[in-house]
>>> print(open('target23.cif').read())   # mmCIF, C-alpha atoms
data_structure
loop_
_atom_site.label_atom_id
_atom_site.label_comp_id
_atom_site.auth_asym_id
_atom_site.auth_seq_id
_atom_site.Cartn_x
_atom_site.Cartn_y
_atom_site.Cartn_z
CA MET D 21 44.16 16.45 121.29
CA GLY D 22 42.48 19.20 119.17
CA LEU D 23 38.79 19.76 119.05
CA GLY D 24 36.89 18.45 116.07
CA ALA D 25 34.67 20.66 113.91
CA GLY D 26 31.55 19.42 115.65
CA SER D 27 32.98 20.21 119.06
CA ARG D 28 34.02 23.73 117.98
CA VAL D 29 30.48 24.39 116.66
CA SER D 30 29.00 23.09 119.90
CA SER D 31 31.31 25.33 121.93
CA ARG D 32 30.43 28.43 119.90
CA LEU D 33 26.74 27.61 120.20
CA ALA D 34 27.05 27.19 123.96
CA LEU D 35 28.90 30.51 124.24
CA SER D 36 26.25 32.27 122.13
CA LEU D 37 23.47 30.86 124.28
CA LEU D 38 25.31 31.96 127.44
CA LEU D 39 25.78 35.50 126.12
CA ALA D 40 22.15 35.62 125.06
CA CYS D 41 21.05 34.59 128.53
CA VAL D 42 23.26 37.23 130.15
CA TRP D 43 21.96 39.91 127.77
CA THR D 44 18.34 38.86 128.38
CA ALA D 45 18.86 38.90 132.14
CA ASN D 46 20.43 42.36 132.03
CA ALA D 47 17.71 43.67 129.73
CA GLY D 48 15.05 42.19 131.96
CA HIS D 49 16.62 43.84 135.01
CA LEU D 50 16.77 47.19 133.17
CA ASN D 51 13.16 46.88 132.04
CA LYS D 52 12.07 46.07 135.57
CA GLN D 53 13.90 49.14 136.83
CA LYS D 54 12.19 51.29 134.20
CA ALA D 55 8.82 49.73 134.96
CA ARG D 56 9.28 50.52 138.64
CA SER D 57 10.12 54.11 137.81
CA GLY D 58 6.76 54.67 136.12
CA VAL D 59 8.56 56.18 133.13
CA LYS D 60 9.17 54.61 129.74
CA TRP D 61 12.10 56.45 128.22
CA LYS D 62 12.37 56.87 124.48
CA SER D 63 15.89 58.27 124.25
CA ASP D 64 19.32 57.88 125.83
CA ASN D 65 18.88 61.18 127.65
CA GLU D 66 17.08 59.54 130.57
CA GLY D 67 15.93 61.81 133.37
CA ASN D 68 15.79 64.96 131.26
CA CYS D 69 12.50 64.61 129.45
CA ASN D 70 10.54 67.80 128.80
CA VAL D 71 7.07 66.51 129.58
CA TYR D 72 5.51 69.70 128.19
CA ASN D 73 6.87 69.05 124.69
CA GLY D 74 4.68 66.50 122.94
CA ARG D 75 1.45 65.87 121.09
CA TRP D 76 -2.09 64.68 121.68
CA VAL D 77 -2.77 61.04 120.77
CA TYR D 78 -6.10 59.27 120.50
CA ASP D 79 -6.57 56.75 123.32
CA GLU D 80 -9.64 54.52 123.62
CA THR D 81 -9.01 54.00 127.34
CA TYR D 82 -9.88 57.65 128.00
CA PRO D 83 -11.49 59.49 129.76
CA LEU D 84 -9.98 58.75 133.17
CA TYR D 85 -13.41 58.83 134.85
CA ASP D 86 -17.12 59.17 134.12
CA SER D 87 -18.09 62.78 134.78
CA SER D 88 -21.71 61.76 135.43
CA ALA D 89 -20.48 59.78 138.46
CA CYS D 90 -18.63 62.76 139.95
CA PRO D 91 -20.94 64.82 142.20
CA TYR D 92 -18.59 67.80 142.25
CA VAL D 93 -18.76 69.00 138.62
CA ARG D 94 -20.20 72.50 138.35
CA ARG D 95 -22.80 73.37 135.75
CA GLU D 96 -20.33 75.55 133.86
CA PHE D 97 -18.08 72.60 133.02
CA ASP D 98 -20.45 69.62 132.74
CA CYS D 99 -20.45 69.49 128.94
CA LEU D 100 -22.01 66.05 128.48
CA LYS D 101 -24.87 66.77 130.87
CA TYR D 102 -25.71 69.94 128.97
CA GLY D 103 -25.88 68.36 125.57
CA ARG D 104 -22.46 68.15 123.96
CA PRO D 105 -23.11 65.60 121.19
CA ASP D 106 -19.57 64.44 120.43
CA ARG D 107 -17.30 62.37 122.70
CA ARG D 108 -14.04 62.40 120.79
CA TYR D 109 -12.63 65.33 122.79
CA LEU D 110 -12.57 63.00 125.81
CA LYS D 111 -10.29 60.48 124.09
CA TYR D 112 -7.01 62.34 123.83
CA ARG D 113 -3.96 61.66 125.98
CA TRP D 114 -0.93 63.94 126.24
CA GLN D 115 2.18 62.17 124.94
CA PRO D 116 5.60 63.73 125.64
CA LEU D 117 8.08 63.17 122.82
CA ASP D 118 10.85 61.53 124.87
CA CYS D 119 9.08 59.67 127.68
CA ASP D 120 5.71 58.56 128.99
CA LEU D 121 3.98 60.26 131.88
CA PRO D 122 3.04 57.94 134.74
CA SER D 123 -0.65 57.10 134.84
CA PHE D 124 -2.62 59.04 137.41
CA ASP D 125 -3.04 56.83 140.48
CA GLY D 126 -5.57 58.44 142.79
CA GLN D 127 -5.02 56.03 145.67
CA ASP D 128 -1.27 56.59 145.49
CA PHE D 129 -1.87 60.36 145.41
CA LEU D 130 -3.94 60.14 148.58
CA ARG D 131 -1.44 57.86 150.34
CA ARG D 132 1.46 60.16 149.56
CA LEU D 133 -0.46 63.22 150.79
CA LYS D 134 -1.90 61.50 153.85
CA GLY D 135 -2.67 64.08 156.53
CA LYS D 136 -1.80 66.98 154.22
CA LYS D 137 -3.52 69.85 152.44
CA ILE D 138 -3.30 70.90 148.80
CA MET D 139 -4.69 74.31 147.89
CA PHE D 140 -5.47 75.85 144.50
CA VAL D 141 -5.30 79.65 144.69
CA GLY D 142 -6.58 81.82 141.85
CA ASP D 143 -9.54 82.43 139.56
CA SER D 144 -12.14 80.22 137.87
CA LEU D 145 -9.43 78.34 135.99
CA SER D 146 -8.13 77.27 139.40
CA LEU D 147 -11.70 76.12 140.02
CA ASN D 148 -11.49 74.11 136.77
CA HIS D 149 -8.21 72.55 137.92
CA TRP D 150 -9.46 71.85 141.45
CA GLN D 151 -12.68 70.19 140.29
CA SER D 152 -10.76 67.91 137.96
CA LEU D 153 -8.52 66.72 140.80
CA VAL D 154 -11.48 66.13 143.10
CA CYS D 155 -13.18 64.03 140.40
CA LEU D 156 -10.00 62.03 139.72
CA LEU D 157 -9.63 61.24 143.42
CA HIS D 158 -13.33 60.47 143.85
CA ALA D 159 -13.12 58.00 140.95
CA ALA D 160 -10.17 56.26 142.66
CA VAL D 161 -11.96 55.88 146.01
CA PRO D 162 -15.70 56.14 145.21
CA ASN D 163 -16.75 54.60 148.54
CA ALA D 164 -14.51 56.73 150.71
CA SER D 165 -15.85 59.08 153.37
CA ILE D 166 -15.78 62.55 151.79
CA THR D 167 -16.92 65.86 153.27
CA ARG D 168 -17.31 69.27 151.67
CA ALA D 169 -17.37 72.77 153.17
CA THR D 170 -17.83 76.01 151.22
CA ASN D 171 -17.97 79.75 151.89
CA ASP D 172 -17.50 82.84 149.72
CA THR D 173 -13.74 82.42 149.45
CA ILE D 174 -12.81 78.82 150.28
CA SER D 175 -14.16 75.43 149.17
CA THR D 176 -12.73 72.29 150.78
CA VAL D 177 -13.24 68.63 149.90
CA THR D 178 -11.72 66.30 152.50
CA PHE D 179 -11.05 62.62 151.95
CA GLN D 180 -11.54 61.58 155.56
CA ASP D 181 -9.99 58.12 155.31
CA TYR D 182 -6.67 59.72 154.32
CA GLY D 183 -6.94 63.08 156.07
CA VAL D 184 -6.32 64.81 152.73
CA SER D 185 -7.98 68.17 152.08
CA VAL D 186 -8.23 69.52 148.52
CA ILE D 187 -8.92 73.25 148.84
CA LEU D 188 -9.88 76.06 146.48
CA PHE D 189 -9.11 79.63 147.57
CA ARG D 190 -10.64 82.29 145.34
CA SER D 191 -8.15 85.10 144.65
CA PRO D 192 -8.33 86.19 140.99
CA TYR D 193 -5.40 88.65 141.22
CA LEU D 194 -3.44 87.03 144.08
CA VAL D 195 -2.75 90.59 145.28
CA ASP D 196 -5.36 92.41 147.39
CA ILE D 197 -8.47 94.42 146.54
CA GLU D 198 -9.55 96.68 149.41
CA MET D 199 -12.09 99.41 149.94
CA GLY D 200 -10.61 102.90 149.95
CA GLU D 201 -12.09 106.37 150.46
CA ASN D 202 -13.11 106.66 146.82
CA GLY D 203 -13.85 103.04 145.94
CA ARG D 204 -12.26 99.64 145.47
CA VAL D 205 -8.47 99.62 145.17
CA LEU D 206 -6.34 96.94 143.50
CA LYS D 207 -3.12 97.01 145.56
CA LEU D 208 -0.26 95.75 143.45
CA ASP D 209 2.14 95.44 146.39
CA SER D 210 -0.08 93.84 149.03
CA ILE D 211 -0.85 90.18 149.82
CA LYS D 212 -2.71 89.73 153.10
CA ASN D 213 -4.16 86.29 152.36
CA GLY D 214 -0.67 84.86 152.43
CA ASN D 215 -1.07 84.17 156.13
CA VAL D 216 -3.64 81.52 155.19
CA TRP D 217 -1.78 80.12 152.19
CA LYS D 218 1.61 79.58 153.80
CA ASN D 219 0.26 76.97 156.24
CA VAL D 220 -0.66 74.57 153.40
CA ASP D 221 1.55 71.67 152.27
CA ILE D 222 1.11 72.05 148.50
CA LEU D 223 0.13 75.34 146.84
CA VAL D 224 -0.94 75.69 143.20
CA PHE D 225 -1.26 79.34 142.16
CA ASN D 226 -2.84 80.87 139.07
CA THR D 227 -3.71 84.36 137.87
CA TRP D 228 -4.24 86.17 134.58
CA LEU D 229 -7.86 85.85 133.46
CA TRP D 230 -9.10 88.96 135.31
CA TRP D 231 -6.25 91.35 134.60
CA TYR D 232 -7.74 92.63 131.32
CA ARG D 233 -11.34 92.87 132.49
CA LYS D 234 -12.92 96.30 132.21
CA GLY D 235 -16.30 97.96 132.69
CA ILE D 236 -18.83 96.22 134.93
CA LYS D 237 -16.70 93.05 135.01
CA GLN D 238 -13.78 94.91 136.58
CA PRO D 239 -13.95 94.46 140.38
CA TRP D 240 -11.82 97.50 141.28
CA ASP D 241 -11.96 101.26 140.67
CA TYR D 242 -8.31 102.29 141.19
CA ILE D 243 -4.84 100.77 141.10
CA GLN D 244 -2.35 101.49 143.85
CA GLU D 245 1.38 100.85 143.97
CA GLY D 246 3.17 102.14 147.04
CA ASN D 247 1.83 105.66 147.72
CA THR D 248 0.72 106.19 144.11
CA THR D 249 -2.93 105.68 143.21
CA MET D 250 -4.15 105.88 139.60
CA LYS D 251 -7.32 105.23 137.67
CA ASP D 252 -5.69 102.67 135.39
CA MET D 253 -2.38 101.57 133.86
CA ASP D 254 -1.07 99.23 131.18
CA ARG D 255 -2.63 95.91 132.20
CA MET D 256 0.36 93.76 131.25
CA VAL D 257 2.58 95.99 133.36
CA ALA D 258 0.09 95.74 136.22
CA PHE D 259 0.05 91.94 135.85
CA GLN D 260 3.83 91.80 136.01
CA LYS D 261 3.97 94.04 139.08
CA GLY D 262 1.32 91.99 140.88
CA LEU D 263 3.10 88.75 140.01
CA MET D 264 6.40 90.16 141.27
CA THR D 265 4.71 90.96 144.59
CA TRP D 266 3.53 87.35 144.78
CA ALA D 267 7.04 86.09 143.94
CA LYS D 268 8.55 88.21 146.72
CA TRP D 269 5.97 86.81 149.14
CA VAL D 270 6.87 83.24 148.12
CA SER D 271 10.57 83.92 148.65
CA SER D 272 10.13 85.56 152.04
CA ASP D 273 7.14 83.82 153.66
CA VAL D 274 6.91 80.22 152.44
CA ASP D 275 8.72 77.53 154.43
CA PHE D 276 10.09 75.32 151.66
CA ASN D 277 10.98 72.63 154.18
CA ARG D 278 7.25 72.07 154.51
CA THR D 279 5.51 73.52 151.47
CA ARG D 280 5.85 72.79 147.75
CA VAL D 281 4.82 75.64 145.45
CA PHE D 282 3.49 75.33 141.90
CA PHE D 283 2.37 77.96 139.43
CA GLN D 284 -0.27 76.92 136.92
CA GLY D 285 0.79 78.40 133.58
CA ILE D 286 -1.43 80.63 131.47
CA SER D 287 -4.54 78.82 130.25
CA PRO D 288 -5.43 79.90 126.69
CA SER D 289 -8.82 80.79 125.23
CA HIS D 290 -10.02 80.15 121.67
CA TYR D 291 -12.15 82.99 120.28
CA ASN D 292 -10.01 84.00 117.32
CA GLY D 293 -9.64 81.42 114.55
CA THR D 294 -6.78 83.36 113.00
CA GLU D 295 -4.64 82.03 115.85
CA TRP D 296 -5.10 78.46 114.62
CA ASN D 297 -5.20 79.21 110.88
CA GLU D 298 -8.99 79.44 110.54
CA PRO D 299 -9.65 83.13 109.79
CA GLY D 300 -13.23 84.19 110.35
CA VAL D 301 -13.90 81.68 113.13
CA LYS D 302 -14.93 83.57 116.27
CA ASN D 303 -15.37 80.82 118.84
CA CYS D 304 -14.76 77.14 119.58
CA LEU D 305 -18.30 75.84 118.96
CA LYS D 306 -17.57 73.62 115.97
CA GLU D 307 -14.11 72.48 117.04
CA SER D 308 -13.96 68.73 117.59
CA GLU D 309 -10.28 67.80 117.10
CA PRO D 310 -7.05 68.97 118.75
CA MET D 311 -4.34 70.53 116.65
CA GLU D 312 -1.51 68.24 115.64
CA GLY D 313 1.16 70.46 117.15
CA PRO D 314 3.63 70.44 118.70
CA THR D 315 3.50 74.24 118.33
CA TYR D 316 0.57 76.65 118.02
CA PRO D 317 0.53 78.88 114.90
CA SER D 318 0.25 82.19 116.76
CA GLY D 319 2.86 81.30 119.37
CA LEU D 320 2.67 81.75 123.13
CA PRO D 321 0.69 84.65 124.67
CA ALA D 322 2.67 87.55 126.14
CA ALA D 323 1.42 86.72 129.63
CA ALA D 324 3.19 83.34 129.48
CA THR D 325 6.47 85.13 128.82
CA VAL D 326 5.88 87.41 131.80
CA VAL D 327 5.23 84.41 134.04
CA LYS D 328 8.50 82.74 133.04
CA GLN D 329 10.44 85.97 133.49
CA VAL D 330 9.07 86.51 136.99
CA LEU D 331 9.58 82.89 138.05
CA SER D 332 13.16 82.97 136.81
CA ASN D 333 13.87 85.64 139.45
CA VAL D 334 12.24 83.82 142.37
CA SER D 335 14.91 82.97 144.92
CA ARG D 336 13.14 79.79 146.00
CA ALA D 337 12.06 76.78 143.94
CA VAL D 338 8.65 77.24 142.30
CA HIS D 339 7.59 74.58 139.81
CA LEU D 340 5.88 75.93 136.69
CA LEU D 341 3.12 73.67 135.42
CA ASP D 342 3.79 74.84 131.89
CA ILE D 343 0.39 73.95 130.46
CA THR D 344 0.04 76.83 127.98
CA ALA D 345 1.32 75.29 124.74
CA LEU D 346 -0.29 71.88 125.21
CA SER D 347 -3.61 73.55 126.09
CA GLN D 348 -3.44 75.86 123.05
CA LEU D 349 -3.67 72.74 120.90
CA ARG D 350 -7.02 71.80 122.51
CA LYS D 351 -9.41 74.20 120.81
CA ASP D 352 -11.89 71.31 120.93
CA ALA D 353 -11.94 70.92 124.73
CA HIS D 354 -13.95 73.98 125.88
CA PRO D 355 -17.60 73.90 126.99
CA SER D 356 -18.58 76.34 124.18
CA MET D 357 -22.40 76.47 124.46
CA TYR D 358 -22.72 73.16 126.31
CA ASN D 359 -23.15 74.52 129.82
CA ALA D 360 -26.06 75.35 132.08
CA PHE D 361 -26.08 79.00 131.01
CA LYS D 362 -25.85 78.37 127.24
CA GLY D 363 -23.28 81.16 126.96
CA MET D 364 -20.32 80.75 124.63
CA ASP D 365 -17.41 79.67 126.82
CA CYS D 366 -14.10 79.13 125.03
CA THR D 367 -12.09 80.06 128.12
CA HIS D 368 -12.80 77.26 130.59
CA TRP D 369 -12.62 73.50 129.95
CA CYS D 370 -14.99 70.56 130.03
CA ILE D 371 -14.77 68.15 132.95
CA ALA D 372 -13.84 65.39 132.33
CA GLY D 373 -11.29 66.76 129.89
CA LEU D 374 -8.11 68.78 129.53
CA PRO D 375 -7.62 69.73 133.24
CA ASP D 376 -7.21 66.00 133.97
CA THR D 377 -3.92 66.24 132.03
CA TRP D 378 -2.89 69.23 134.14
CA ASN D 379 -3.37 67.00 137.17
CA ARG D 380 -1.39 64.14 135.61
CA LEU D 381 1.47 66.62 135.26
CA LEU D 382 0.98 67.81 138.84
CA TYR D 383 0.98 64.20 140.07
CA ALA D 384 4.20 63.44 138.20
CA ALA D 385 5.89 66.48 139.77
CA LEU D 386 4.89 65.88 143.38
CA PRO D 387 7.61 65.18 145.94
CA GLN D 388 7.65 61.59 147.10
CA ASP D 389 8.33 59.83 150.34
CA GLU D 390 11.16 57.43 149.55
CA ALA D 391 9.79 54.41 151.41
CA THR D 392 6.26 54.86 150.12
CA SER D 393 7.47 55.39 146.57
CA LYS D 394 9.56 52.22 146.52
CA SER D 395 6.82 50.10 148.04
CA ASN D 396 4.16 51.00 145.49
CA GLY D 397 6.35 51.08 142.38
CA HIS D 398 6.74 54.79 141.67
CA HIS D 399 10.40 55.52 142.38
CA ASN D 400 11.47 58.13 139.85
CA PHE D 401 9.30 60.44 137.80
CA PRO D 402 10.51 62.53 134.85
CA LYS D 403 12.70 65.50 135.64
CA PHE D 404 10.88 68.64 134.56
#
>>> encode(input="target23.cif", output="structure tokens")
Amino acid sequence: MGLGAGSRVSSRLALSLLLACVWTANAGHLNKQKARSGVKWKSDNEGNCNVYNGRWVYDETYPLYDSSACPYVRREFDCLKYGRPDRRYLKYRWQPLDCDLPSFDGQDFLRRLKGKKIMFVGDSLSLNHWQSLVCLLHAAVPNASITRATNDTISTVTFQDYGVSVILFRSPYLVDIEMGENGRVLKLDSIKNGNVWKNVDILVFNTWLWWYRKGIKQPWDYIQEGNTTMKDMDRMVAFQKGLMTWAKWVSSDVDFNRTRVFFQGISPSHYNGTEWNEPGVKNCLKESEPMEGPTYPSGLPAAATVVKQVLSNVSRAVHLLDITALSQLRKDAHPSMYNAFKGMDCTHWCIAGLPDTWNRLLYAALPQDEATSKSNGHHNFPKF
């Protein structure tokens, strides 16, 4: 006997409901997988998101911590304490175009690095980066047992409950400066501090700020390469040679079975308004908004190109924290005159502020222990 019209409608309805349930279940499973990964993908090209290509978006949930509650902020970077009147610069979150970065989870960071050391090696911009991370971690575990030790070269903050040490090693050029017969010598082919660095689990290097310094701010009198000593040379060439020496050291001395190596990209300054289409502006004092982006009008600095060229020839894996372009857009995020010394600083960055994003990117790029990652819901981060 054939089915009546009512029965056929009922059958089609039942089939539609069944398909809808299957689709919903599959979608729910996929969404759960994506939620566990910590990444919300915005395209079909999953796993290949360029997290450095994006824009700054206003976010009321920012900043990630209260800088007044962090006891580690130096006077140079404590913009709110020293009178910065606006707060909007604190409210911007970096948004990649094709995915979302995982939120910074300080407790997860400490669990994953339990018993390990992370060291920032470089100049005062490494100090900026290091202080941001210490404040982010302090905000996550404000009641933890924390110790600090400092000398002329090394500052260490240790989170005792986790056995995690966050270290700053001051080395503005990465290569050595030594006393010679006629004065201080910048040795472009020598790295003696590497014996200290290579015993650390995670290394974050940075250099550039000091390479163009001259006069009384220049901490050397001669440059030496091999057996040749000279009074000076093209500074970009010197930078490249010094960086190549560092790259050779990484390739030959670092045990990549133990140590993960990062290079913090070139951090831009904002003293020339022509770069951001405001001719005549000579500093960042009145800047209160980031640029829309995603590109900066004057393009990338030459030093950033040198860094990428050198890293492309490193025989071992070094991860570039490619923060240059996204930081160029933040002409609003410098201390300017709002620091303890009242000097115009459009080179460093307020804390809290932009360096917190550098550390979100660092967090997303860290290697993960498989079991730990699965248990706390962070299985796969974006591929950089």
>>> closest_residue(input="target23.cif", among="D:Pro310, D:Trp228, D:Pro116, D:Pro355", to="D:Ala324", atoms="all atoms listed in the file")
D:Trp228
>>> resolve_selection(input="target23.cif", expression="the PyMOL selection byres ((chain D and resi 267-273) around 10)", output="list in words")
Asp209, Ser210, Ile211, Lys212, Gly214, Asn215, Trp217, Lys218, Lys261, Gly262, Leu263, Met264, Thr265, Trp266, Val274, Asp275, Phe276, Val281, Val330, Leu331, Ser332, Asn333, Val334, Ser335, Arg336, Ala337 and Val338 of chain D
>>> residues_around(input="target23.cif", residues="D:Lys351", least_positions_apart="3", cutoff="7 Å", atoms="only C-alpha atoms", output="list in words")
His290, Cys304, Glu307, Pro310, Gln348 and His354 of chain D
>>> residues_around(input="target23.cif", residues="D:Lys134", least_positions_apart="6", cutoff="7 Å", atoms="all atoms listed in the file", output="VMD selection string")
chain D and resid 182 to 184
>>> resolve_selection(input="target23.cif", expression="the PyMOL selection byres ((chain D and resi 282) around 7)", output="list in words")
Leu223, Val224, Phe225, Arg280, Val281, Phe283, Gln284, Val338, His339, Leu340 and Leu341 of chain D
>>> atom_distance(input="target23.cif", atom1="atom CA of D:Tyr109", atom2="atom CA of D:Ile138")
28.2 Å
>>> resolve_selection(input="target23.cif", expression="the PyMOL selection byres ((chain D and resi 114) around 10)", output="NGL selection string")
:D and (71-79 or 112-113 or 115-117 or 120-121 or 346-347 or 374 or 377-378 or 380-381)
>>> residues_around(input="target23.cif", residues="D:Ser144", least_positions_apart="5", cutoff="8 Å", atoms="only C-alpha atoms", output="number ranges by chain")
D: 190, 192, 368
>>> residues_around(input="target23.cif", residues="D:Ile371", least_positions_apart="5", cutoff="10 Å", atoms="only C-alpha atoms", output="compact mmCIF listing (two decimals) with C-alpha atoms, in the coordinates of the input")
# COMPACT_ATOMS: atom_id res chain seq x y z
CA PRO D 83 -11.49 59.49 129.76
CA TYR D 85 -13.41 58.83 134.85
CA ASP D 86 -17.12 59.17 134.12
CA SER D 87 -18.09 62.78 134.78
CA SER D 88 -21.71 61.76 135.43
CA CYS D 90 -18.63 62.76 139.95
CA VAL D 93 -18.76 69.00 138.62
CA ARG D 94 -20.20 72.50 138.35
CA ARG D 95 -22.80 73.37 135.75
CA GLU D 96 -20.33 75.55 133.86
CA PHE D 97 -18.08 72.60 133.02
CA ASP D 98 -20.45 69.62 132.74
CA CYS D 99 -20.45 69.49 128.94
CA LEU D 100 -22.01 66.05 128.48
CA LEU D 110 -12.57 63.00 125.81
CA ASN D 148 -11.49 74.11 136.77
CA HIS D 149 -8.21 72.55 137.92
CA GLN D 151 -12.68 70.19 140.29
CA SER D 152 -10.76 67.91 137.96
CA CYS D 155 -13.18 64.03 140.40
CA ALA D 353 -11.94 70.92 124.73
CA HIS D 354 -13.95 73.98 125.88
CA PRO D 355 -17.60 73.90 126.99
CA ASP D 376 -7.21 66.00 133.97
>>> closest_residue(input="target23.cif", among="D:Trp240, D:Tyr92, D:Tyr102, D:Tyr82", to="D:Gly363", atoms="all atoms listed in the file")
D:Tyr102
>>> residues_around(input="target23.cif", residues="D:Arg233", least_positions_apart="4", cutoff="12 Å", atoms="all atoms listed in the file", output="list in words")
Pro192, Tyr193, Trp228, Leu229, Lys237, Gln238, Pro239, Trp240, Asp241, Asp252, Arg255, Met256 and Phe259 of chain D
>>> atom_distance(input="target23.cif", atom1="atom CA of D:Leu320", atom2="atom CA of D:Gly293")
15.0 Å
